[in-house]
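What follows is the content of data03.pdb (PDB, C-alpha atoms).
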```
MODEL        1
ATOM      1  CA  ASN A   1       0.047   6.110 -19.038  1.00  0.00           C
ATOM      2  CA  ALA A   2      -1.275   8.771 -21.389  1.00  0.00           C
ATOM      3  CA  GLY A   3      -2.309  11.815 -19.348  1.00  0.00           C
ATOM      4  CA  ASN A   4      -0.811  10.146 -16.267  1.00  0.00           C
ATOM      5  CA  ALA A   5      -3.998   8.092 -16.007  1.00  0.00           C
ATOM      6  CA  VAL A   6      -4.305   5.636 -13.123  1.00  0.00           C
ATOM      7  CA  PHE A   7      -6.514   2.590 -13.690  1.00  0.00           C
ATOM      8  CA  GLY A   8      -6.062   0.622 -10.480  1.00  0.00           C
ATOM      9  CA  GLU A   9      -5.849  -3.152 -10.680  1.00  0.00           C
ATOM     10  CA  LEU A  10      -5.951  -4.421 -14.264  1.00  0.00           C
ATOM     11  CA  ASP A  11      -6.123  -7.731 -16.070  1.00  0.00           C
ATOM     12  CA  LEU A  12      -5.045  -8.223 -19.699  1.00  0.00           C
ATOM     13  CA  CYS A  13      -8.436  -7.301 -21.149  1.00  0.00           C
ATOM     14  CA  SER A  14      -8.924  -4.119 -19.136  1.00  0.00           C
ATOM     15  CA  ALA A  15      -5.294  -3.092 -19.770  1.00  0.00           C
ATOM     16  CA  LEU A  16      -5.862  -3.483 -23.497  1.00  0.00           C
ATOM     17  CA  VAL A  17      -9.153  -1.571 -23.445  1.00  0.00           C
ATOM     18  CA  ASN A  18      -7.584   1.270 -21.417  1.00  0.00           C
ATOM     19  CA  SER A  19      -4.231   1.303 -23.292  1.00  0.00           C
ATOM     20  CA  SER A  20      -2.253   1.026 -20.075  1.00  0.00           C
ATOM     21  CA  ASN A  21       1.422   1.518 -20.898  1.00  0.00           C
ATOM     22  CA  THR A  22       2.457   0.600 -17.374  1.00  0.00           C
ATOM     23  CA  TYR A  23       0.701  -2.772 -17.516  1.00  0.00           C
ATOM     24  CA  PHE A  24       2.335  -3.784 -20.795  1.00  0.00           C
ATOM     25  CA  ALA A  25       5.714  -2.450 -19.704  1.00  0.00           C
ATOM     26  CA  GLY A  26       5.585  -4.669 -16.633  1.00  0.00           C
ATOM     27  CA  LEU A  27       4.305  -7.631 -18.639  1.00  0.00           C
ATOM     28  CA  ALA A  28       7.160  -7.336 -21.152  1.00  0.00           C
ATOM     29  CA  VAL A  29       9.756  -7.286 -18.384  1.00  0.00           C
ATOM     30  CA  SER A  30       8.117 -10.319 -16.753  1.00  0.00           C
ATOM     31  CA  LEU A  31       8.058 -12.285 -20.017  1.00  0.00           C
ATOM     32  CA  GLY A  32      11.646 -11.430 -20.906  1.00  0.00           C
ATOM     33  CA  GLY A  33      13.444 -10.680 -24.148  1.00  0.00           C
ATOM     34  CA  TYR A  34      13.492 -14.211 -25.532  1.00  0.00           C
ATOM     35  CA  ALA A  35       9.700 -14.543 -25.402  1.00  0.00           C
ATOM     36  CA  LEU A  36       9.219 -11.110 -27.019  1.00  0.00           C
ATOM     37  CA  GLN A  37      11.708 -11.928 -29.776  1.00  0.00           C
ATOM     38  CA  GLN A  38      10.086 -15.282 -30.528  1.00  0.00           C
ATOM     39  CA  GLN A  39       6.602 -13.790 -30.779  1.00  0.00           C
ATOM     40  CA  ALA A  40       7.794 -10.900 -32.942  1.00  0.00           C
ATOM     41  CA  GLU A  41       9.307 -13.397 -35.375  1.00  0.00           C
ATOM     42  CA  ARG A  42       6.019 -15.318 -35.532  1.00  0.00           C
ATOM     43  CA  PHE A  43       4.351 -12.071 -36.676  1.00  0.00           C
ATOM     44  CA  CYS A  44       7.186 -11.586 -39.225  1.00  0.00           C
ATOM     45  CA  ILE A  45       8.382  -8.478 -37.367  1.00  0.00           C
ATOM     46  CA  GLY A  46      12.031  -7.751 -38.052  1.00  0.00           C
ATOM     47  CA  THR A  47      12.071  -9.757 -41.279  1.00  0.00           C
ATOM     48  CA  GLU A  48      11.453  -8.833 -44.916  1.00  0.00           C
ATOM     49  CA  VAL A  49       8.137  -9.997 -46.367  1.00  0.00           C
ATOM     50  CA  ALA A  50       8.018 -10.254 -50.155  1.00  0.00           C
ATOM     51  CA  LEU A  51       4.648  -9.405 -51.738  1.00  0.00           C
ATOM     52  CA  ASP A  52       3.513  -9.195 -55.343  1.00  0.00           C
ATOM     53  CA  PHE A  53       3.785  -5.388 -55.298  1.00  0.00           C
ATOM     54  CA  ALA A  54       6.415  -4.536 -52.647  1.00  0.00           C
ATOM     55  CA  THR A  55       8.653  -5.886 -49.913  1.00  0.00           C
ATOM     56  CA  LEU A  56       7.638  -5.066 -46.360  1.00  0.00           C
ATOM     57  CA  HIS A  57      10.419  -3.946 -44.039  1.00  0.00           C
ATOM     58  CA  SER A  58      10.119  -3.838 -40.266  1.00  0.00           C
ATOM     59  CA  SER A  59      12.443  -3.498 -37.307  1.00  0.00           C
ATOM     60  CA  PHE A  60      12.638  -5.137 -33.905  1.00  0.00           C
ATOM     61  CA  ASP A  61      15.700  -4.624 -31.714  1.00  0.00           C
ATOM     62  CA  LEU A  62      15.841  -5.330 -27.998  1.00  0.00           C
ATOM     63  CA  GLY A  63      19.470  -4.204 -27.739  1.00  0.00           C
ATOM     64  CA  ASP A  64      21.047  -5.432 -24.519  1.00  0.00           C
ATOM     65  CA  MET A  65      17.621  -6.602 -23.266  1.00  0.00           C
ATOM     66  CA  SER A  66      17.681  -4.148 -20.382  1.00  0.00           C
ATOM     67  CA  ALA A  67      14.508  -3.749 -18.339  1.00  0.00           C
ATOM     68  CA  ALA A  68      14.019  -0.252 -19.775  1.00  0.00           C
ATOM     69  CA  GLY A  69      14.319  -1.518 -23.361  1.00  0.00           C
ATOM     70  CA  LEU A  70      11.940  -4.401 -22.735  1.00  0.00           C
ATOM     71  CA  ALA A  71       9.415  -2.083 -21.071  1.00  0.00           C
ATOM     72  CA  GLN A  72       9.457   0.403 -23.956  1.00  0.00           C
ATOM     73  CA  THR A  73       9.083  -2.401 -26.487  1.00  0.00           C
ATOM     74  CA  GLY A  74       6.201  -3.836 -24.455  1.00  0.00           C
ATOM     75  CA  PHE A  75       3.981  -0.796 -25.006  1.00  0.00           C
ATOM     76  CA  GLY A  76       4.962  -0.284 -28.635  1.00  0.00           C
ATOM     77  CA  GLN A  77       7.886   2.131 -28.478  1.00  0.00           C
ATOM     78  CA  GLY A  78      11.557   1.177 -28.253  1.00  0.00           C
ATOM     79  CA  LYS A  79      13.119   0.230 -31.583  1.00  0.00           C
ATOM     80  CA  THR A  80      10.069  -1.460 -33.105  1.00  0.00           C
ATOM     81  CA  GLY A  81       8.964  -0.167 -36.519  1.00  0.00           C
ATOM     82  CA  LEU A  82       6.122  -1.453 -38.720  1.00  0.00           C
ATOM     83  CA  SER A  83       4.247  -0.264 -41.794  1.00  0.00           C
ATOM     84  CA  PRO A  84       0.451   0.163 -41.674  1.00  0.00           C
ATOM     85  CA  LEU A  85       0.132  -2.819 -44.032  1.00  0.00           C
ATOM     86  CA  HIS A  86       2.104  -5.000 -41.624  1.00  0.00           C
ATOM     87  CA  LEU A  87      -0.242  -3.900 -38.838  1.00  0.00           C
ATOM     88  CA  ALA A  88      -3.153  -4.929 -41.048  1.00  0.00           C
ATOM     89  CA  MET A  89      -1.567  -8.375 -41.501  1.00  0.00           C
ATOM     90  CA  ILE A  90      -1.273  -8.790 -37.736  1.00  0.00           C
ATOM     91  CA  TYR A  91      -4.905  -7.872 -37.140  1.00  0.00           C
ATOM     92  CA  GLN A  92      -5.972 -10.079 -40.051  1.00  0.00           C
ATOM     93  CA  SER A  93      -4.254 -13.046 -38.426  1.00  0.00           C
ATOM     94  CA  ILE A  94      -6.139 -12.433 -35.171  1.00  0.00           C
ATOM     95  CA  ALA A  95      -9.406 -12.181 -37.103  1.00  0.00           C
ATOM     96  CA  ASN A  96      -8.548 -15.369 -39.023  1.00  0.00           C
ATOM     97  CA  GLU A  97      -8.225 -17.669 -36.001  1.00  0.00           C
ATOM     98  CA  GLY A  98      -4.483 -17.015 -35.725  1.00  0.00           C
ATOM     99  CA  GLN A  99      -3.558 -17.768 -39.364  1.00  0.00           C
ATOM    100  CA  MET A 100      -1.666 -14.995 -41.161  1.00  0.00           C
ATOM    101  CA  LEU A 101      -2.256 -14.661 -44.910  1.00  0.00           C
ATOM    102  CA  ARG A 102       0.003 -13.043 -47.501  1.00  0.00           C
ATOM    103  CA  PRO A 103      -1.709  -9.955 -48.974  1.00  0.00           C
ATOM    104  CA  TYR A 104      -1.788  -9.371 -52.711  1.00  0.00           C
ATOM    105  CA  LEU A 105      -2.690  -6.288 -54.726  1.00  0.00           C
ATOM    106  CA  VAL A 106      -3.724  -7.641 -58.133  1.00  0.00           C
ATOM    107  CA  GLN A 107      -6.794  -9.873 -58.102  1.00  0.00           C
ATOM    108  CA  ARG A 108      -6.729 -10.817 -61.784  1.00  0.00           C
ATOM    109  CA  VAL A 109      -5.020  -9.926 -65.073  1.00  0.00           C
ATOM    110  CA  SER A 110      -7.024 -10.944 -68.151  1.00  0.00           C
ATOM    111  CA  GLN A 111      -6.725 -10.680 -71.902  1.00  0.00           C
ATOM    112  CA  GLY A 112     -10.184 -11.192 -73.309  1.00  0.00           C
ATOM    113  CA  LYS A 113     -11.465 -14.372 -71.672  1.00  0.00           C
ATOM    114  CA  GLN A 114      -7.961 -15.642 -70.945  1.00  0.00           C
ATOM    115  CA  VAL A 115      -6.736 -15.171 -67.357  1.00  0.00           C
ATOM    116  CA  LEU A 116      -3.012 -14.366 -67.468  1.00  0.00           C
ATOM    117  CA  ALA A 117      -2.457 -14.057 -63.740  1.00  0.00           C
ATOM    118  CA  GLN A 118      -4.565 -14.328 -60.633  1.00  0.00           C
ATOM    119  CA  GLY A 119      -3.974 -13.499 -57.000  1.00  0.00           C
ATOM    120  CA  LYS A 120      -4.565 -16.329 -54.586  1.00  0.00           C
ATOM    121  CA  LYS A 121      -4.821 -16.857 -50.868  1.00  0.00           C
ATOM    122  CA  THR A 122      -1.477 -17.965 -49.441  1.00  0.00           C
ATOM    123  CA  GLU A 123      -0.968 -18.959 -45.833  1.00  0.00           C
ATOM    124  CA  MET A 124       2.105 -17.680 -44.017  1.00  0.00           C
ATOM    125  CA  GLU A 125       2.787 -18.025 -40.308  1.00  0.00           C
ATOM    126  CA  GLN A 126       0.483 -19.181 -37.496  1.00  0.00           C
ATOM    127  CA  PRO A 127       1.613 -16.532 -35.001  1.00  0.00           C
ATOM    128  CA  VAL A 128      -0.945 -17.396 -32.304  1.00  0.00           C
ATOM    129  CA  SER A 129      -3.166 -20.350 -31.533  1.00  0.00           C
ATOM    130  CA  ARG A 130      -6.865 -20.412 -32.367  1.00  0.00           C
ATOM    131  CA  GLU A 131      -7.676 -20.131 -28.664  1.00  0.00           C
ATOM    132  CA  THR A 132      -5.443 -17.087 -28.228  1.00  0.00           C
ATOM    133  CA  ALA A 133      -6.876 -15.456 -31.360  1.00  0.00           C
ATOM    134  CA  ARG A 134     -10.428 -15.918 -30.101  1.00  0.00           C
ATOM    135  CA  ALA A 135      -9.533 -14.467 -26.706  1.00  0.00           C
ATOM    136  CA  LEU A 136      -7.978 -11.440 -28.417  1.00  0.00           C
ATOM    137  CA  GLN A 137     -11.007 -11.059 -30.677  1.00  0.00           C
ATOM    138  CA  GLU A 138     -13.226 -10.637 -27.632  1.00  0.00           C
ATOM    139  CA  MET A 139     -10.821  -8.222 -25.908  1.00  0.00           C
ATOM    140  CA  LEU A 140     -10.582  -6.069 -29.044  1.00  0.00           C
ATOM    141  CA  HIS A 141     -14.360  -6.173 -29.366  1.00  0.00           C
ATOM    142  CA  GLN A 142     -14.645  -4.789 -25.842  1.00  0.00           C
ATOM    143  CA  ALA A 143     -12.242  -2.002 -26.821  1.00  0.00           C
ATOM    144  CA  ALA A 144     -14.345  -1.221 -29.911  1.00  0.00           C
ATOM    145  CA  LEU A 145     -17.484  -0.967 -27.762  1.00  0.00           C
ATOM    146  CA  GLN A 146     -15.733   1.494 -25.467  1.00  0.00           C
ATOM    147  CA  TYR A 147     -14.781   3.578 -28.527  1.00  0.00           C
ATOM    148  CA  GLY A 148     -18.483   3.787 -29.406  1.00  0.00           C
ATOM    149  CA  PHE A 149     -18.628   1.208 -32.209  1.00  0.00           C
ATOM    150  CA  ASP A 150     -21.765  -0.536 -30.986  1.00  0.00           C
ATOM    151  CA  GLU A 151     -23.161  -3.568 -32.778  1.00  0.00           C
ATOM    152  CA  GLU A 152     -26.501  -1.961 -33.644  1.00  0.00           C
ATOM    153  CA  ALA A 153     -24.885   0.800 -35.714  1.00  0.00           C
ATOM    154  CA  TYR A 154     -21.708  -0.883 -36.956  1.00  0.00           C
ATOM    155  CA  GLY A 155     -22.163  -4.632 -36.627  1.00  0.00           C
ATOM    156  CA  TRP A 156     -19.566  -6.726 -34.773  1.00  0.00           C
ATOM    157  CA  VAL A 157     -16.286  -4.791 -34.663  1.00  0.00           C
ATOM    158  CA  ALA A 158     -12.916  -5.308 -32.970  1.00  0.00           C
ATOM    159  CA  ALA A 159     -10.586  -2.312 -32.748  1.00  0.00           C
ATOM    160  CA  LYS A 160      -7.564  -0.828 -30.968  1.00  0.00           C
ATOM    161  CA  THR A 161      -5.936   2.588 -31.009  1.00  0.00           C
ATOM    162  CA  GLY A 162      -2.181   3.058 -31.135  1.00  0.00           C
ATOM    163  CA  THR A 163       0.172   5.992 -30.631  1.00  0.00           C
ATOM    164  CA  ALA A 164       3.876   6.184 -31.468  1.00  0.00           C
ATOM    165  CA  GLU A 165       5.630   9.182 -29.920  1.00  0.00           C
ATOM    166  CA  LEU A 166       8.365  10.727 -32.082  1.00  0.00           C
ATOM    167  CA  GLY A 167      11.493  12.566 -31.047  1.00  0.00           C
ATOM    168  CA  ASP A 168      10.166  15.941 -32.213  1.00  0.00           C
ATOM    169  CA  GLY A 169       7.110  15.717 -29.967  1.00  0.00           C
ATOM    170  CA  SER A 170       4.670  14.712 -32.713  1.00  0.00           C
ATOM    171  CA  TYR A 171       2.896  11.362 -33.039  1.00  0.00           C
ATOM    172  CA  HIS A 172       2.071   8.622 -35.490  1.00  0.00           C
ATOM    173  CA  ILE A 173      -1.466   7.567 -34.600  1.00  0.00           C
ATOM    174  CA  TYR A 174      -3.381   4.457 -35.609  1.00  0.00           C
ATOM    175  CA  LEU A 175      -6.748   2.793 -35.341  1.00  0.00           C
ATOM    176  CA  CYS A 176      -6.640  -0.873 -36.349  1.00  0.00           C
ATOM    177  CA  GLY A 177      -9.235  -3.612 -36.264  1.00  0.00           C
ATOM    178  CA  PHE A 178     -11.637  -5.826 -38.134  1.00  0.00           C
ATOM    179  CA  SER A 179     -15.299  -6.512 -38.708  1.00  0.00           C
ATOM    180  CA  GLU A 180     -16.781  -9.874 -39.634  1.00  0.00           C
ATOM    181  CA  GLN A 181     -15.537  -9.484 -43.237  1.00  0.00           C
ATOM    182  CA  TYR A 182     -12.906  -6.738 -43.364  1.00  0.00           C
ATOM    183  CA  THR A 183      -9.624  -5.767 -41.703  1.00  0.00           C
ATOM    184  CA  PHE A 184      -8.833  -2.053 -41.549  1.00  0.00           C
ATOM    185  CA  VAL A 185      -6.013   0.275 -40.515  1.00  0.00           C
ATOM    186  CA  LEU A 186      -6.294   4.052 -40.295  1.00  0.00           C
ATOM    187  CA  SER A 187      -3.090   6.013 -39.727  1.00  0.00           C
ATOM    188  CA  ARG A 188      -1.975   9.628 -39.546  1.00  0.00           C
ATOM    189  CA  ASN A 189       1.688  10.583 -39.391  1.00  0.00           C
ATOM    190  CA  GLN A 190       3.456  13.397 -37.543  1.00  0.00           C
ATOM    191  CA  THR A 191       0.396  14.906 -35.913  1.00  0.00           C
ATOM    192  CA  SER A 192      -0.284  16.556 -32.585  1.00  0.00           C
ATOM    193  CA  ALA A 193      -3.728  14.903 -32.400  1.00  0.00           C
ATOM    194  CA  GLY A 194      -4.502  11.844 -30.297  1.00  0.00           C
ATOM    195  CA  SER A 195      -5.569   8.508 -31.775  1.00  0.00           C
ATOM    196  CA  SER A 196      -9.191   9.174 -30.792  1.00  0.00           C
ATOM    197  CA  SER A 197      -9.241  11.815 -33.551  1.00  0.00           C
ATOM    198  CA  LEU A 198      -9.484   8.888 -35.994  1.00  0.00           C
ATOM    199  CA  PHE A 199     -12.853   7.766 -34.588  1.00  0.00           C
ATOM    200  CA  PRO A 200     -15.035   9.817 -36.999  1.00  0.00           C
ATOM    201  CA  ALA A 201     -13.202   8.485 -40.074  1.00  0.00           C
ATOM    202  CA  ALA A 202     -13.392   4.954 -38.677  1.00  0.00           C
ATOM    203  CA  ALA A 203     -17.114   5.320 -38.028  1.00  0.00           C
ATOM    204  CA  ALA A 204     -17.727   6.415 -41.634  1.00  0.00           C
ATOM    205  CA  LEU A 205     -15.561   3.558 -42.952  1.00  0.00           C
ATOM    206  CA  LEU A 206     -17.272   0.917 -40.819  1.00  0.00           C
ATOM    207  CA  LYS A 207     -20.721   2.079 -41.869  1.00  0.00           C
ATOM    208  CA  ALA A 208     -19.653   1.935 -45.525  1.00  0.00           C
ATOM    209  CA  LEU A 209     -18.200  -1.553 -45.098  1.00  0.00           C
ATOM    210  CA  ARG A 210     -21.346  -2.743 -43.369  1.00  0.00           C
ATOM    211  CA  GLN A 211     -23.442  -1.352 -46.235  1.00  0.00           C
ATOM    212  CA  GLU A 212     -21.165  -3.127 -48.718  1.00  0.00           C
ATOM    213  CA  SER A 213     -21.614  -6.399 -46.829  1.00  0.00           C
ATOM    214  CA  ASP A 214     -25.393  -5.974 -46.727  1.00  0.00           C
ATOM    215  CA  ASN A 215     -25.512  -5.240 -50.477  1.00  0.00           C
ATOM    216  CA  SER A 216     -23.388  -8.302 -51.258  1.00  0.00           C
ATOM    217  CA  ALA A 217     -25.668 -10.513 -49.162  1.00  0.00           C
ATOM    218  CA  THR A 218     -28.711  -9.127 -50.956  1.00  0.00           C
ATOM    219  CA  LEU A 219     -27.186  -9.798 -54.371  1.00  0.00           C
ATOM    220  CA  TRP A 220     -26.528 -13.413 -53.482  1.00  0.00           C
TER     221      TRP A 220
ENDMDL
END
```
Any chance you could give the structure as structure tokens?
Amino acid sequence: NAGNAVFGELDLCSALVNSSNTYFAGLAVSLGGYALQQQAERFCIGTEVALDFATLHSSFDLGDMSAAGLAQTGFGQGKTGLSPLHLAMIYQSIANEGQMLRPYLVQRVSQGKQVLAQGKKTEMEQPVSRETARALQEMLHQAALQYGFDEEAYGWVAAKTGTAELGDGSYHIYLCGFSEQYTFVLSRNQTSAGSSSLFPAAAALLKALRQESDNSATLW
């Protein structure tokens, strides 16, 4: 674990809240390569995803499915590679009762009063069940509370940090999550800082999103 932290006996929720690498390494080995591969495919990891503005590329390779490879994949290292947008899609699917939607960039193209093109909501995979999504929502909410994103100041928030260690000793760090209306991903590449360094930016973003939601409700 980061900083050689020892957490004692953990369940899935407390392992997620505490970012226990050892727990998820052991869980991945217990589940086995086939289960990991199947779930990755449900989240479109390792496949190309065509969007209206780009094609998302990701990688997922378990190699010879050795215990070491499975363990590293289990806590987010190994040969798994995702873009921040793909991470946002994964969190969006958890927020949306397990239903992944295809993101689009252009909302509408108009010429005068004539609408030439319009983005629309398109359903993709159902990577997890509604019951699993709701369980994860609550676990991620508990993580957000531990990060200091209390409901009084920020509204209901689910969040999770992430750290990818690079070969040169630097890190890609992330903070992903969702509120009742928005999904967000903050990332910083090739840094020596820990993922908790993203908390101030996340706090400012969440307050702004909450204000936007309150203003929209007032207008309606």
What does the PyMOL selection byres ((chain A and resi 189) around 12) select in this file, as a short mmCIF file (atom, residue, chain, number, x, y, z; two decimals) with C-alpha atoms, in the frame of the given file?
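Full text of out22.cif as output:
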```cif
data_model
loop_
_atom_site.label_atom_id
_atom_site.label_comp_id
_atom_site.auth_asym_id
_atom_site.auth_seq_id
_atom_site.Cartn_x
_atom_site.Cartn_y
_atom_site.Cartn_z
CA SER A 83 4.25 -0.26 -41.79
CA PRO A 84 0.45 0.16 -41.67
CA GLY A 162 -2.18 3.06 -31.14
CA THR A 163 0.17 5.99 -30.63
CA ALA A 164 3.88 6.18 -31.47
CA GLU A 165 5.63 9.18 -29.92
CA LEU A 166 8.36 10.73 -32.08
CA SER A 170 4.67 14.71 -32.71
CA TYR A 171 2.90 11.36 -33.04
CA HIS A 172 2.07 8.62 -35.49
CA ILE A 173 -1.47 7.57 -34.60
CA TYR A 174 -3.38 4.46 -35.61
CA LEU A 186 -6.29 4.05 -40.30
CA SER A 187 -3.09 6.01 -39.73
CA ARG A 188 -1.98 9.63 -39.55
CA GLN A 190 3.46 13.40 -37.54
CA THR A 191 0.40 14.91 -35.91
CA SER A 192 -0.28 16.56 -32.58
CA ALA A 193 -3.73 14.90 -32.40
CA GLY A 194 -4.50 11.84 -30.30
CA SER A 195 -5.57 8.51 -31.78
CA LEU A 198 -9.48 8.89 -35.99
#
```
* **Contacts of Val17 in chain A within 10 Å, all atoms listed in the file, excl. fewer than 3 positions in-chain, as a PyMOL selection string** => chain A and resi 12-14+20+139-147+159-161
* To do: With a distance cut-off of 10 Å and only C-alpha atoms, select the neighbouring residues of Gly98 in chain A, excluding the residue or stretch itself and same-chain residues fewer than 3 positions from it, and output the selection as a list in words.
  => Ile90, Tyr91, Gln92, Ser93, Ile94, Ala95, Leu101, Glu125, Gln126, Pro127, Val128, Ser129, Arg130, Glu131, Thr132, Ala133, Arg134 and Leu136 of chain A
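Residue membership of the PyMOL selection byres ((chain A and resi 155) around 12) in the shown file amounts to His141, Ala144, Leu145, Gly148, Phe149, Asp150, Glu151, Glu152, Ala153, Tyr154, Trp156, Val157, Ala158, Phe178, Ser179, Glu180, Gln181, Tyr182, Ala203, Leu206, Lys207, Ala208, Leu209, Arg210, Gln211, Ser213 and Asp214 of chain A.
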Mind dumping the selected residues with C-alpha atoms as a compact mmCIF listing (two decimals), in the frame of the given file?
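Wrote it out as again.txt, contents follow:
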```
# COMPACT_ATOMS: atom_id res chain seq x y z
CA HIS A 141 -14.36 -6.17 -29.37
CA ALA A 144 -14.34 -1.22 -29.91
CA LEU A 145 -17.48 -0.97 -27.76
CA GLY A 148 -18.48 3.79 -29.41
CA PHE A 149 -18.63 1.21 -32.21
CA ASP A 150 -21.76 -0.54 -30.99
CA GLU A 151 -23.16 -3.57 -32.78
CA GLU A 152 -26.50 -1.96 -33.64
CA ALA A 153 -24.88 0.80 -35.71
CA TYR A 154 -21.71 -0.88 -36.96
CA TRP A 156 -19.57 -6.73 -34.77
CA VAL A 157 -16.29 -4.79 -34.66
CA ALA A 158 -12.92 -5.31 -32.97
CA PHE A 178 -11.64 -5.83 -38.13
CA SER A 179 -15.30 -6.51 -38.71
CA GLU A 180 -16.78 -9.87 -39.63
CA GLN A 181 -15.54 -9.48 -43.24
CA TYR A 182 -12.91 -6.74 -43.36
CA ALA A 203 -17.11 5.32 -38.03
CA LEU A 206 -17.27 0.92 -40.82
CA LYS A 207 -20.72 2.08 -41.87
CA ALA A 208 -19.65 1.94 -45.52
CA LEU A 209 -18.20 -1.55 -45.10
CA ARG A 210 -21.35 -2.74 -43.37
CA GLN A 211 -23.44 -1.35 -46.24
CA SER A 213 -21.61 -6.40 -46.83
CA ASP A 214 -25.39 -5.97 -46.73
```
* To do: Run the PyMOL selection byres ((chain A and resi 49) around 12) against the file shown and list the residues it catches, as a ChimeraX atom specification.
  => /A:41,43-48,50-59,82-83,85-86,89,101-104,124-125
* What does the distance from CA of Ser110 in chain A to CA of Thr122 in chain A come to in Å, to one decimal? -> 20.7 Å
* Asked: So how many Å separate CA of Ala68 in chain A and CA of Tyr34 in chain A, to one decimal?
  -> 15.1 Å
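Residue nearest Gly74 in chain A, chosen from A:Gln107, A:Thr22, A:Gln114, A:Asn96 and counting all atoms listed in the file: A:Thr22.
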* To do: With a distance cut-off of 10 Å and all atoms listed in the file, select the neighbouring residues of Ala67 in chain A, excluding the residue or stretch itself and same-chain residues fewer than 4 positions from it, and output the selection as a count of residues only.
  => 11
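When all atoms listed in the file are used to compute distances to Asn4 in chain A, the closest of the residues A:Gly112, A:Ser19, A:Phe199, A:Gln118 turns out to be A:Ser19.
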* Out of A:Phe184, A:Phe60, A:Phe7, A:Tyr23, which residue has the shortest atom-to-atom distance to Gln77 in chain A when counting only C-alpha atoms? -> A:Phe60
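With all atoms listed in the file as the atoms that count, the minimum distance from Gly167 in chain A to the choices A:Ala40, A:Ala2, A:Ser66, A:Gly78 is reached by A:Gly78.
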